[in-house]
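Trainee: I'd like to ask you about the structure that follows.
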Amino acid sequence: MQVLKRGHTELFRRGPDECFNSLADLTRFCQGQKAKSVDRWLPPRSLRPRPLALDRLVVDFADPAANGTDGTYQMNDWSFTQLCQLAKVSRDTVNRVTADTAWRVFQDTLPDGNKPLQLFTEGESIRSIHGVSYTRLYNADILAMLAEFATDFRPPQNAAFGGKDDAGATGLYAGEQDMFVFLIDPTGWAEIEGQSFAPGFFVWNSEVGKRSLGIQTFWFQAVCQNHIVWDAVEVVEFTRKHTASIHDSLAEMRRIVEQLVAKRDQRRDGFAKVMLKAMKTRLGDDADEVAKVLIQHGIGRNWINQALEIAQEQGRFTIFAMVDALTRMAGELKFAGERAEIDQKAAGLLTLAI
């Protein structure tokens with residue numbers, strides 16, 4: 001079993017402006033980003049960085065989409081990094097000089113060719129700068145797929161601590177650089193090798209090339225308040241770079257989610273049948289017969305006597321009644337090792353209902 005910390009890492013690196021209370025809120029934000037963002041194809045020589053103030057650099061370029069009209073655009077942290085990479089100059093070095101000096105650096109180092117660049121803008125801001133090989137997949141398109149095929153999944157419990165408000169720990173994050181989604185199905189509990197697990201997944205993407213596209217599905221036993229996933233099994237991960245085939249990856253992600261949902265339904269239905277049979281099947285007609293069965297399953301006399309008393313109060317000696325009694329008793333134990341031992345033996349009784 002694995003411990004998964006992607007959700008934990010995202011929780012503590014996000015500011016309040018990148019956190020969303022619901023999947024619907026996140027979807028509206030991403031749809032707005034998509035609607036307001038524009039791809040512009042320009043030759044490198046069209047970019048004209050210039051100083052706007054002592055410590056501020058903007059980029060002018062003639063915009064073919066606007067009939068050649070000049071536009072002035074600001075850069076964010078990511079697009080400035082990409083501009084430095086395009087010019088093959090150190091970002092740290094450029095950050096240490098004035099805007100006037102930085103403008104002269106770019107004037108001498110930006111490539112002068114006809115191979116177009118892909119500028120991704122939102123309003124008067126440049127979100128990213130890419131070459132021709134980069135292909136974008138919008139966050140809104142991924143969320144639309146999840147809304148269609150992962151209808152029962154929801155974010156884990158909020159973790160309102162460490163200075164974060166209620167919107168600061170939902171597992172739903174998006175900003176100018178990337179998106180991250182953490183969803184679980186709290187009603188999807190099923191038995192895997194005698195233990196209870198529920199399904200969940202992480203999804204991540206960047207419209208501006210900050211990170212790859214990816215999904216990781218899993219079955220887990222617990223998610224703590226700081227969004228660490230404990231005791232995960234059947235972990236499946238799929239990632240792709242933003243190349244020409246990136247849109248085919250959306251279909252693959254859909255297939256992975258569908259498989260998770262189908263397995264959840266299959267396991268949940270099977271578990272429900274086992275539980276129904278456990279509720280109807282008696283371990284014996286009296287306490288002595290039941291005690292013999294429990295001894296055969298390695299349960300000690302002291303536990304048997306207490307469990308029988310609890311079951312007798314309910315007036316039944318079914319498999320479920322005995323499992324329920326043992327589970328209640330385990331919950332009152334101080335040491336985790338003892339609790340795990342009793343829980344394991346109680347779960348073993350359920351095999352009698354298969």
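Chains: A, B, ... in order of the structure tokens. Residues: from 1 per chain. Ligands: from 1, in order shown.
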What's around range 135-144 of chain A at 7 Å? Count only C-alpha atoms, leave out sequence neighbours fewer than 2 positions away in its own chain, and write the answer as number ranges by chain.
Mentor: A: 27, 30-31, 34, 133, 146-148, 179, 205, 207, 242-244, 246-247
Trainee: Do you know which residues are at most 9 Å from Leu117 in chain A counting only C-alpha atoms, after dropping those on the same chain fewer than 4 positions away, and could you put them as a list in words?
Mentor: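 Residues meeting the cut-off are Arg40, Trp41, Leu42, Pro43, Pro44, Ile129, His130, Gly131 and Val132 of chain A.
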Trainee: Generate a file of the selected residues that holds N, CA and C atoms, formatted as a compact mmCIF listing (two decimals), in the first residue's frame.
Mentor:
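Generated file (selection_15.txt):
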```
# COMPACT_ATOMS: atom_id res chain seq x y z
N ARG A 40 -2.15 33.97 -30.33
CA ARG A 40 -1.67 34.90 -31.36
C ARG A 40 -0.36 34.35 -31.91
N TRP A 41 -0.28 34.20 -33.22
CA TRP A 41 0.91 33.66 -33.87
C TRP A 41 1.72 34.81 -34.48
N LEU A 42 2.95 34.96 -34.00
CA LEU A 42 3.78 36.09 -34.41
C LEU A 42 5.21 35.64 -34.66
N PRO A 43 5.89 36.26 -35.61
CA PRO A 43 7.33 35.99 -35.76
C PRO A 43 8.09 36.60 -34.60
N PRO A 44 9.20 35.99 -34.17
CA PRO A 44 9.95 36.51 -33.01
C PRO A 44 10.34 37.98 -33.15
N ILE A 129 4.35 31.92 -23.74
CA ILE A 129 5.02 32.07 -25.04
C ILE A 129 5.56 30.69 -25.42
N HIS A 130 5.11 30.17 -26.55
CA HIS A 130 5.52 28.83 -26.97
C HIS A 130 5.92 28.81 -28.45
N GLY A 131 6.64 27.74 -28.80
CA GLY A 131 6.94 27.48 -30.20
C GLY A 131 5.81 26.73 -30.86
N VAL A 132 6.04 26.30 -32.09
CA VAL A 132 4.97 25.68 -32.88
C VAL A 132 4.59 24.29 -32.40
```
Trainee: Give me the residues near Leu4 in chain A as a VMD selection string, where near means some atom within 8 Å (using only C-alpha atoms) and where sequence neighbours in that chain fewer than 2 positions away do not count.
Mentor: chain A and resid 2 6 to 7 228 to 230 232
Trainee: Taking only C-alpha atoms into account, which of A:Trp204, A:Trp78, A:Trp219, A:Phe20 comes nearest Gly188 in chain A?
Mentor: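 Closest to Gly188 in chain A, using only C-alpha atoms: A:Trp219.
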Trainee: What is the CA of Asp231 in chain A-CA of Leu260 in chain A distance in Å, reported with one decimal?
Mentor: 17.3 Å
Trainee: Write out as a ChimeraX atom specification which residues come within 8 Å of range 341-348 of chain A when counting only C-alpha atoms, dropping same-chain ones fewer than 6 positions away.
Mentor: /A:194-195,297-299,322-323,326-327,330
Trainee: What separation in Å, quoted to one decimal, exists between CA of Asn95 in chain A and CA of Asp60 in chain A?
Mentor: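 Computing the Euclidean distance for CA of Asn95 in chain A and CA of Asp60 in chain A yields 19.4 Å.
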Trainee: When you draw a straight line from CA of Thr93 in chain A to CA of Val105 in chain A, how long is it in Å?
Mentor: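 Answer for the CA of Thr93 in chain A to CA of Val105 in chain A separation: 10.2 Å.
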Trainee: Please list as JSON, numbers by chain every residue within 10 Å of Met253 in chain A, counting only C-alpha atoms and excluding residues in the same chain fewer than 2 positions away.
Mentor: {"A": [142, 145, 146, 203, 213, 214, 215, 216, 237, 238, 239, 248, 249, 250, 251, 255, 256, 257, 258, 259]}
Trainee: For the selection just defined, write its residues with N, CA and C atoms to a file, as a JSON list (two decimals), in the first residue's frame.
Mentor:
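selection-v1.json was written with the following content:
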```
[["chain", "number", "residue", "atom", "x", "y", "z"],
["A", 142, "ILE", "N", -11.27, 19.55, -19.64],
["A", 142, "ILE", "CA", -11.05, 18.43, -18.72],
["A", 142, "ILE", "C", -12.16, 18.38, -17.67],
["A", 145, "MET", "N", -15.35, 16.90, -18.95],
["A", 145, "MET", "CA", -15.30, 15.44, -18.98],
["A", 145, "MET", "C", -15.56, 14.86, -17.60],
["A", 146, "LEU", "N", -14.95, 15.45, -16.56],
["A", 146, "LEU", "CA", -15.15, 14.95, -15.20],
["A", 146, "LEU", "C", -16.60, 15.11, -14.76],
["A", 203, "VAL", "N", -6.21, 14.97, -10.72],
["A", 203, "VAL", "CA", -6.07, 15.41, -12.12],
["A", 203, "VAL", "C", -5.30, 16.72, -12.11],
["A", 213, "LEU", "N", 0.04, 17.19, -18.51],
["A", 213, "LEU", "CA", -1.32, 16.72, -18.25],
["A", 213, "LEU", "C", -1.22, 15.39, -17.54],
["A", 214, "GLY", "N", -2.07, 15.16, -16.53],
["A", 214, "GLY", "CA", -1.98, 13.88, -15.84],
["A", 214, "GLY", "C", -3.20, 13.53, -15.02],
["A", 215, "ILE", "N", -3.32, 12.23, -14.76],
["A", 215, "ILE", "CA", -4.36, 11.72, -13.86],
["A", 215, "ILE", "C", -3.77, 10.56, -13.08],
["A", 216, "GLN", "N", -4.12, 10.47, -11.81],
["A", 216, "GLN", "CA", -3.73, 9.34, -10.97],
["A", 216, "GLN", "C", -4.96, 8.86, -10.22],
["A", 237, "GLU", "N", -1.46, 5.68, -12.99],
["A", 237, "GLU", "CA", -1.09, 7.04, -13.36],
["A", 237, "GLU", "C", -0.88, 7.15, -14.88],
["A", 238, "PHE", "N", -1.37, 8.24, -15.43],
["A", 238, "PHE", "CA", -1.22, 8.52, -16.87],
["A", 238, "PHE", "C", -0.80, 9.98, -17.01],
["A", 239, "THR", "N", 0.27, 10.25, -17.75],
["A", 239, "THR", "CA", 0.72, 11.62, -17.99],
["A", 239, "THR", "C", 1.09, 11.79, -19.45],
["A", 248, "ASP", "N", -5.91, 13.66, -27.85],
["A", 248, "ASP", "CA", -6.20, 12.22, -27.75],
["A", 248, "ASP", "C", -6.10, 11.76, -26.30],
["A", 249, "SER", "N", -5.28, 12.45, -25.52],
["A", 249, "SER", "CA", -5.09, 12.07, -24.12],
["A", 249, "SER", "C", -6.36, 12.30, -23.31],
["A", 250, "LEU", "N", -7.20, 13.25, -23.71],
["A", 250, "LEU", "CA", -8.45, 13.49, -23.01],
["A", 250, "LEU", "C", -9.34, 12.25, -23.09],
["A", 251, "ALA", "N", -9.34, 11.58, -24.25],
["A", 251, "ALA", "CA", -10.11, 10.35, -24.40],
["A", 251, "ALA", "C", -9.54, 9.25, -23.52],
["A", 255, "ARG", "N", -11.37, 7.27, -20.41],
["A", 255, "ARG", "CA", -11.40, 5.82, -20.27],
["A", 255, "ARG", "C", -10.95, 5.39, -18.87],
["A", 256, "ILE", "N", -9.92, 6.03, -18.34],
["A", 256, "ILE", "CA", -9.42, 5.70, -17.01],
["A", 256, "ILE", "C", -10.47, 5.99, -15.94],
["A", 257, "VAL", "N", -11.14, 7.14, -16.06],
["A", 257, "VAL", "CA", -12.20, 7.49, -15.10],
["A", 257, "VAL", "C", -13.36, 6.51, -15.21],
["A", 258, "GLU", "N", -13.74, 6.17, -16.43],
["A", 258, "GLU", "CA", -14.83, 5.21, -16.63],
["A", 258, "GLU", "C", -14.49, 3.86, -16.01],
["A", 259, "GLN", "N", -13.25, 3.43, -16.16],
["A", 259, "GLN", "CA", -12.83, 2.15, -15.56],
["A", 259, "GLN", "C", -12.92, 2.20, -14.04]]
```
Trainee: As a VMD selection string, please: every residue in range 168-349 of chain A that DSSP puts in strand (DSSP E or B).
Mentor: chain A and resid 172 to 174 179 to 184 190 to 192 195 to 205 213 to 220 222 to 223 229 to 240 282 318
Trainee: If you count only C-alpha atoms, which residues fall within 12 Å of Gln312 in chain A, apart from same-chain ones fewer than 5 positions away, as a list in words?
Mentor: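 Counting only C-alpha atoms, the residues come to Asp285, Asp286, Ala287, Val290, Ile304, Asn305, Gln306, Ala307, Phe317, Thr318, Ala321, Met322 and Ala325 of chain A.
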Trainee: Create the file for the chosen residues now, containing C-alpha atoms and written as a PDB file, in the first residue's frame.
Mentor:
```pdb
ATOM      1  CA  ASP A 285     -28.848 -21.155  17.025  1.00  0.00           C
ATOM      2  CA  ASP A 286     -27.391 -20.385  20.430  1.00  0.00           C
ATOM      3  CA  ALA A 287     -24.375 -18.789  22.096  1.00  0.00           C
ATOM      4  CA  VAL A 290     -21.621 -19.250  17.803  1.00  0.00           C
ATOM      5  CA  ILE A 304     -16.174 -13.886  22.335  1.00  0.00           C
ATOM      6  CA  ASN A 305     -18.004 -13.403  25.650  1.00  0.00           C
ATOM      7  CA  GLN A 306     -18.201  -9.630  25.209  1.00  0.00           C
ATOM      8  CA  ALA A 307     -19.274  -9.942  21.569  1.00  0.00           C
ATOM      9  CA  PHE A 317     -26.418 -14.163  16.163  1.00  0.00           C
ATOM     10  CA  THR A 318     -25.966 -13.285  12.495  1.00  0.00           C
ATOM     11  CA  ALA A 321     -24.134  -8.831  14.285  1.00  0.00           C
ATOM     12  CA  MET A 322     -20.908 -10.505  15.410  1.00  0.00           C
ATOM     13  CA  ALA A 325     -19.937  -6.275  17.914  1.00  0.00           C
TER      14      ALA A 325
END
```
Trainee: If you count only C-alpha atoms, which residues fall within 12 Å of Val94 in chain A, apart from same-chain ones fewer than 3 positions away, as a PyMOL selection string?
Mentor: chain A and resi 55-57+80-81+83-85+87-91+97-106+109
Trainee: Atoms to include: N, CA and C atoms. Write the selected residues as an mmCIF file, in the first residue's frame.
Mentor:
```cif
data_model
loop_
_atom_site.group_PDB
_atom_site.id
_atom_site.type_symbol
_atom_site.label_atom_id
_atom_site.label_comp_id
_atom_site.auth_asym_id
_atom_site.auth_seq_id
_atom_site.Cartn_x
_atom_site.Cartn_y
_atom_site.Cartn_z
ATOM 1 N N ASP A 55 11.424 49.542 -12.971
ATOM 2 C CA ASP A 55 11.455 48.109 -12.680
ATOM 3 C C ASP A 55 10.347 47.348 -13.392
ATOM 4 N N ARG A 56 9.857 47.882 -14.464
ATOM 5 C CA ARG A 56 8.734 47.234 -15.153
ATOM 6 C C ARG A 56 8.991 47.160 -16.653
ATOM 7 N N LEU A 57 8.805 45.963 -17.189
ATOM 8 C CA LEU A 57 9.032 45.722 -18.612
ATOM 9 C C LEU A 57 7.725 45.261 -19.250
ATOM 10 N N PHE A 80 7.359 35.735 -18.436
ATOM 11 C CA PHE A 80 8.672 36.376 -18.358
ATOM 12 C C PHE A 80 9.782 35.325 -18.353
ATOM 13 N N THR A 81 9.560 34.233 -17.611
ATOM 14 C CA THR A 81 10.525 33.124 -17.607
ATOM 15 C C THR A 81 10.693 32.561 -19.012
ATOM 16 N N LEU A 83 10.152 34.121 -21.860
ATOM 17 C CA LEU A 83 10.835 35.107 -22.694
ATOM 18 C C LEU A 83 12.348 35.014 -22.485
ATOM 19 N N CYS A 84 12.769 34.843 -21.241
ATOM 20 C CA CYS A 84 14.200 34.681 -20.956
ATOM 21 C C CYS A 84 14.748 33.401 -21.602
ATOM 22 N N GLN A 85 13.961 32.323 -21.555
ATOM 23 C CA GLN A 85 14.390 31.083 -22.193
ATOM 24 C C GLN A 85 14.495 31.255 -23.706
ATOM 25 N N ALA A 87 15.208 33.992 -25.283
ATOM 26 C CA ALA A 87 16.382 34.820 -25.554
ATOM 27 C C ALA A 87 17.672 34.155 -25.084
ATOM 28 N N LYS A 88 17.549 33.024 -24.367
ATOM 29 C CA LYS A 88 18.699 32.286 -23.837
ATOM 30 C C LYS A 88 19.539 33.160 -22.905
ATOM 31 N N VAL A 89 18.837 33.862 -22.018
ATOM 32 C CA VAL A 89 19.502 34.660 -20.998
ATOM 33 C C VAL A 89 18.991 34.212 -19.631
ATOM 34 N N SER A 90 19.785 34.438 -18.600
ATOM 35 C CA SER A 90 19.413 34.033 -17.251
ATOM 36 C C SER A 90 18.325 34.944 -16.701
ATOM 37 N N ARG A 91 17.252 34.347 -16.262
ATOM 38 C CA ARG A 91 16.170 35.111 -15.635
ATOM 39 C C ARG A 91 16.671 35.859 -14.409
ATOM 40 N N VAL A 97 18.816 43.681 -13.043
ATOM 41 C CA VAL A 97 19.117 44.938 -13.724
ATOM 42 C C VAL A 97 17.839 45.763 -13.859
ATOM 43 N N THR A 98 17.971 47.028 -14.243
ATOM 44 C CA THR A 98 16.810 47.890 -14.423
ATOM 45 C C THR A 98 16.045 47.478 -15.675
ATOM 46 N N ALA A 99 14.810 47.943 -15.770
ATOM 47 C CA ALA A 99 13.991 47.626 -16.940
ATOM 48 C C ALA A 99 14.638 48.155 -18.215
ATOM 49 N N ASP A 100 15.303 49.295 -18.136
ATOM 50 C CA ASP A 100 15.956 49.876 -19.309
ATOM 51 C C ASP A 100 17.087 48.970 -19.793
ATOM 52 N N THR A 101 17.871 48.450 -18.857
ATOM 53 C CA THR A 101 18.949 47.528 -19.226
ATOM 54 C C THR A 101 18.386 46.212 -19.735
ATOM 55 N N ALA A 102 17.315 45.706 -19.093
ATOM 56 C CA ALA A 102 16.698 44.449 -19.522
ATOM 57 C C ALA A 102 16.182 44.557 -20.951
ATOM 58 N N TRP A 103 15.597 45.694 -21.275
ATOM 59 C CA TRP A 103 15.101 45.899 -22.633
ATOM 60 C C TRP A 103 16.240 45.786 -23.648
ATOM 61 N N ARG A 104 17.388 46.361 -23.332
ATOM 62 C CA ARG A 104 18.531 46.298 -24.247
ATOM 63 C C ARG A 104 19.078 44.871 -24.359
ATOM 64 N N VAL A 105 19.029 44.130 -23.235
ATOM 65 C CA VAL A 105 19.458 42.733 -23.272
ATOM 66 C C VAL A 105 18.598 41.936 -24.233
ATOM 67 N N PHE A 106 17.277 42.078 -24.113
ATOM 68 C CA PHE A 106 16.375 41.337 -24.990
ATOM 69 C C PHE A 106 16.503 41.797 -26.443
ATOM 70 N N THR A 109 19.309 39.815 -27.827
ATOM 71 C CA THR A 109 19.343 38.351 -27.694
ATOM 72 C C THR A 109 18.115 37.620 -28.228
#
```
